[in-house]
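So this one's target-v7.cif, mmCIF, C-alpha atoms and all ligand atoms:
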```cif
data_entry
loop_
_atom_site.label_atom_id
_atom_site.label_comp_id
_atom_site.auth_asym_id
_atom_site.auth_seq_id
_atom_site.Cartn_x
_atom_site.Cartn_y
_atom_site.Cartn_z
CA MET A 1 22.51 -38.60 -14.10
CA GLU A 2 23.99 -35.39 -15.38
CA HIS A 3 22.75 -32.09 -13.98
CA SER A 4 22.70 -29.09 -16.26
CA ILE A 5 21.87 -26.56 -13.56
CA ALA A 6 24.60 -25.43 -11.23
CA ILE A 7 23.20 -25.02 -7.74
CA GLU A 8 25.13 -22.71 -5.50
CA ARG A 9 24.30 -22.27 -1.81
CA VAL A 10 24.38 -18.55 -1.13
CA VAL A 11 23.06 -18.47 2.46
CA ASN A 12 23.89 -20.65 5.45
CA ILE A 13 21.51 -20.26 8.40
CA PRO A 14 19.37 -22.72 10.35
CA THR A 15 15.56 -22.41 10.07
CA ASN A 16 13.20 -21.86 13.02
CA ARG A 17 11.94 -25.42 12.75
CA LYS A 18 13.20 -28.88 11.96
CA ARG A 19 11.87 -31.13 9.17
CA GLY A 20 8.47 -32.59 10.12
CA GLU A 21 8.16 -30.38 13.19
CA HIS A 22 5.47 -27.68 13.38
CA LEU A 23 5.68 -24.45 15.28
CA LEU A 24 2.88 -23.14 17.45
CA VAL A 25 1.36 -20.33 15.38
CA LYS A 26 -0.37 -17.78 17.60
CA ALA A 27 -2.00 -15.71 14.86
CA VAL A 28 -2.46 -14.99 11.17
CA VAL A 29 -1.58 -11.32 10.63
CA LEU A 30 -2.84 -9.50 7.54
CA SER A 31 -1.22 -6.14 6.77
CA CYS A 32 -0.40 -3.93 3.79
CA VAL A 33 2.95 -4.44 2.08
CA ASP A 34 3.88 -0.71 2.30
CA PRO A 35 7.51 -0.70 3.48
CA GLY A 36 6.98 2.75 5.03
CA PHE A 37 4.97 1.19 7.86
CA LYS A 38 7.37 -1.62 8.78
CA GLU A 39 8.55 0.13 11.97
CA PRO A 40 5.08 0.65 13.52
CA PHE A 41 4.22 -2.90 12.41
CA LYS A 42 7.27 -4.35 14.15
CA ALA A 43 6.67 -2.21 17.26
CA LEU A 44 3.03 -3.34 17.43
CA MET A 45 4.02 -7.00 17.17
CA ARG A 46 6.57 -6.47 19.97
CA HIS A 47 3.84 -4.75 22.05
CA LEU A 48 1.58 -7.80 21.48
CA GLU A 49 4.53 -9.98 22.55
CA PHE A 50 4.76 -11.84 19.24
CA ARG A 51 8.14 -12.95 17.94
CA SER A 52 8.49 -13.28 14.16
CA ALA A 53 8.22 -17.08 14.38
CA ASP A 54 4.90 -16.80 16.29
CA PHE A 55 2.68 -15.71 13.40
CA ASP A 56 1.80 -16.30 9.75
CA HIS A 57 2.25 -12.93 8.04
CA LEU A 58 0.13 -12.16 4.98
CA GLY A 59 1.21 -9.05 3.10
CA TRP A 60 -1.41 -7.65 0.73
CA ALA A 61 -1.80 -4.21 -0.86
CA GLY A 62 -4.35 -2.51 1.39
CA GLY A 63 -4.09 -5.08 4.21
CA ALA A 64 -7.62 -5.76 5.52
CA LYS A 65 -9.03 -4.18 2.33
CA GLY A 66 -8.19 -7.48 0.61
CA LEU A 67 -11.03 -9.14 2.54
CA VAL A 68 -13.71 -7.02 0.89
CA ASP A 69 -12.21 -6.63 -2.60
CA PRO A 70 -14.02 -8.45 -5.44
CA GLY A 71 -13.23 -12.16 -5.39
CA ALA A 72 -11.58 -11.82 -1.98
CA PRO A 73 -9.02 -14.65 -2.39
CA LEU A 74 -7.68 -13.79 1.05
CA LEU A 75 -10.74 -15.22 2.80
CA LYS A 76 -9.85 -18.72 1.58
CA GLN A 77 -6.14 -18.17 2.26
CA ILE A 78 -6.81 -17.19 5.88
CA SER A 79 -9.19 -20.10 6.48
CA THR A 80 -6.55 -22.47 5.07
CA LEU A 81 -3.92 -21.10 7.47
CA VAL A 82 -6.29 -21.17 10.46
CA LYS A 83 -7.07 -24.84 9.73
CA LEU A 84 -3.52 -25.91 8.81
CA HIS A 85 -1.80 -24.23 11.75
CA HIS A 86 -4.68 -24.41 14.28
CA VAL A 87 -4.43 -20.64 14.65
CA PRO A 88 -6.46 -19.14 17.52
CA GLU A 89 -6.38 -15.51 16.34
CA VAL A 90 -6.48 -13.42 13.16
CA ILE A 91 -5.13 -9.85 13.34
CA LEU A 92 -6.22 -7.39 10.64
CA MET A 93 -4.40 -4.15 9.88
CA THR A 94 -4.69 -0.99 7.83
CA HIS A 95 -2.36 2.01 7.69
CA SER A 96 -2.61 5.76 7.12
CA ASP A 97 -2.22 7.21 3.64
CA CYS A 98 -2.65 3.77 2.03
CA GLY A 99 -2.39 3.74 -1.76
CA ALA A 100 -4.84 0.82 -2.01
CA TYR A 101 -7.49 3.13 -0.48
CA GLY A 102 -6.47 5.95 -2.87
CA TYR A 103 -4.38 7.91 -0.32
CA PRO A 104 -7.47 9.32 1.45
CA LYS A 105 -7.05 12.69 3.19
CA PHE A 106 -8.80 13.69 6.44
CA PRO A 107 -9.24 17.00 8.29
CA ASP A 108 -8.09 15.40 11.56
CA GLU A 109 -6.79 12.22 13.12
CA ASN A 110 -10.16 11.25 14.64
CA GLN A 111 -11.85 11.20 11.26
CA GLU A 112 -8.99 9.23 9.79
CA HIS A 113 -9.17 6.64 12.57
CA GLU A 114 -12.97 6.44 12.18
CA PHE A 115 -12.63 5.80 8.43
CA TYR A 116 -10.16 2.96 8.88
CA ALA A 117 -12.11 1.61 11.88
CA ASN A 118 -15.20 1.29 9.65
CA GLU A 119 -13.12 -0.42 6.96
CA LEU A 120 -11.65 -2.84 9.51
CA ARG A 121 -15.10 -3.62 10.98
CA ARG A 122 -16.43 -4.34 7.49
CA ALA A 123 -13.43 -6.57 6.63
CA GLY A 124 -13.68 -8.32 10.02
CA GLY A 125 -17.38 -8.97 9.47
CA GLU A 126 -16.73 -10.55 6.06
CA LEU A 127 -13.96 -12.69 7.51
CA MET A 128 -15.99 -13.92 10.49
CA LYS A 129 -18.94 -14.74 8.23
CA PHE A 130 -16.68 -16.73 5.87
CA LEU A 131 -14.91 -18.57 8.68
CA SER A 132 -18.12 -19.44 10.54
CA GLU A 133 -19.41 -21.10 7.35
CA GLU A 134 -16.33 -23.34 7.62
CA ASN A 135 -17.00 -23.94 11.34
CA LEU A 136 -13.97 -21.87 12.33
CA ALA A 137 -14.16 -19.24 15.04
CA PRO A 138 -10.76 -17.72 15.81
CA LYS A 139 -10.56 -14.47 17.75
CA VAL A 140 -10.43 -11.57 15.26
CA SER A 141 -8.78 -8.30 16.26
CA ALA A 142 -7.82 -5.18 14.32
CA TYR A 143 -5.27 -2.38 14.48
CA HIS A 144 -4.55 0.74 12.46
CA LEU A 145 -0.97 1.87 11.88
CA ASP A 146 -0.56 5.65 11.63
CA PHE A 147 2.38 8.02 11.37
CA VAL A 148 3.10 7.91 15.10
CA GLY A 149 2.40 4.27 15.96
CA ALA A 150 -0.61 1.97 16.15
CA VAL A 151 -4.16 2.12 17.57
CA ARG A 152 -6.37 -0.80 18.58
CA ILE A 153 -9.74 -0.83 16.76
CA PHE A 154 -11.23 -4.06 18.17
ZN ZN A 201 -0.97 0.40 1.96
#
```

If you convert what's in this file into structure tokens, what do you get?
Amino acid sequence: MEHSIAIERVVNIPTNRKRGEHLLVKAVVLSCVDPGFKEPFKALMRHLEFRSADFDHLGWAGGAKGLVDPGAPLLKQISTLVKLHHVPEVILMTHSDCGAYGYPKFPDENQEHEFYANELRRAGGELMKFLSEENLAPKVSAYHLDFVGAVRIF
């Protein structure tokens, strides 16, 4: 058979897993895609002692906000990953000055943390309700990334 498409290998590197093998996934992590918060994200994952191969990373504009947006396709996506990879934990994140929240401004850091904590509690509640209807009960935790690092919400 003749092939009309020329396929050129451009990268040579082994994957983390072999064909048919499955890695132990410790968590599904949902965070915003904002590249400005990659460093606190990476530092938080190091602090939690997760290597990049340890978790399923879902990037979504607004992070945890995607769980309460109309339609909320992320709820189904997370339940699929929890089932498929037998994931014991889901980690939700938000970050300061997030465009998906309309770049909200606050008079001080406490009020900013309280705003995002309420958003994360609301998103976590929606997620736990959805997952319990599918008889899934992973641990759900939440963190907020700010301009100087990360804080634990629950
Ligand atoms: Zn964002």

Residues within 6 Å of ligand ZN 201 (chain A), counting only C-alpha atoms and all ligand atoms: report them as a PDB file with C-alpha atoms, in the frame of the given file.
```pdb
ATOM      1  CA  CYS A  32      -0.400  -3.930   3.790  1.00  0.00           C
ATOM      2  CA  ASP A  34       3.880  -0.710   2.300  1.00  0.00           C
ATOM      3  CA  ALA A  61      -1.800  -4.210  -0.860  1.00  0.00           C
ATOM      4  CA  GLY A  62      -4.350  -2.510   1.390  1.00  0.00           C
ATOM      5  CA  CYS A  98      -2.650   3.770   2.030  1.00  0.00           C
ATOM      6  CA  GLY A  99      -2.390   3.740  -1.760  1.00  0.00           C
ATOM      7  CA  ALA A 100      -4.840   0.820  -2.010  1.00  0.00           C
TER       8      ALA A 100
END
```

*Check the smallest atom-to-atom distance from each of A:Ala150, A:Ile91, A:Leu74, A:Ala117 to Lys38 of chain A using only C-alpha atoms, then report the winner.*
A:Ala150

*Atomic distance atom CA of Met93 of chain A - atom CA of Phe37 of chain A, expressed in Å with one decimal*: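 It comes out at 11.0 Å.
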
_Interatomic distance, atom CA of Asp108 of chain A to atom CA of Glu126 of chain A (Å, one decimal)_ =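 Between atom CA of Asp108 of chain A and atom CA of Glu126 of chain A the gap works out to 27.9 Å.
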
*Pick out the closest residue to Ser31 of chain A from this set: A:Glu89, A:Asp69, A:Asp56, A:Glu133. Count only C-alpha atoms.*
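Of all the options, A:Asp56 lies closest to Ser31 of chain A.
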
Closest-contact table, segment 73-108 of chain A side, partner segment 137-142 of chain A, 10 Å, counting only C-alpha atoms, as a Markdown table:
```
| residue | atom | partner | partner_atom | distance |
| --- | --- | --- | --- | --- |
| A:Ser79 | CA | A:Pro138 | CA | 9.8 |
| A:Val82 | CA | A:Pro138 | CA | 7.8 |
| A:His86 | CA | A:Pro138 | CA | 9.2 |
| A:Val87 | CA | A:Pro138 | CA | 7.1 |
| A:Pro88 | CA | A:Pro138 | CA | 4.8 |
| A:Glu89 | CA | A:Lys139 | CA | 4.5 |
| A:Val90 | CA | A:Val140 | CA | 4.8 |
| A:Ile91 | CA | A:Ser141 | CA | 4.9 |
| A:Leu92 | CA | A:Ala142 | CA | 4.6 |
| A:Met93 | CA | A:Ala142 | CA | 5.7 |
| A:Thr94 | CA | A:Ala142 | CA | 8.3 |
```

*Between atom CA of Val28 of chain A and atom CA of Arg51 of chain A - distance in Å to one decimal*: 12.7 Å

*Of the candidates A:Arg9, A:His47, A:Lys65, A:His95, which shows the shortest atom-to-atom distance to Pro35 of chain A, using all atoms listed in the file?*
A:His95

*Give me the residues within 12 Å of Gly36 of chain A as a ChimeraX atom specification, counting all atoms listed in the file and dropping any in the same chain fewer than 3 places off.*
/A:32-33,39-42,95-99,145-149

_Counting all atoms listed in the file, which residue out of A:Ile153, A:Ala53, A:Leu24, A:Val11 sits closest to Asn118 of chain A?_
A:Ile153

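Proximity ranking of A:His144, A:Lys83, A:Lys76, A:Lys18 relative to Arg121 of chain A places A:His144 first, based on all atoms listed in the file.
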
_Considering all atoms listed in the file, can you say which of A:Gly66, A:Asn110, A:Glu8, A:His85 comes closest to Gly124 of chain A?_
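Selected residue with least distance to Gly124 of chain A: A:Gly66.
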
*Close residues, Phe55 of chain A itself excluded, 7 Å, all atoms listed in the file, min 2 positions apart in chain, as a ChimeraX atom specification*: /A:25-29,52-53,57

*Counting all atoms listed in the file, what is within 8 Å of Glu119 of chain A, bar same-chain residues fewer than 3 positions away, as an MDAnalysis selection string?*
chainID A and resid 64:65 115:116 122:123
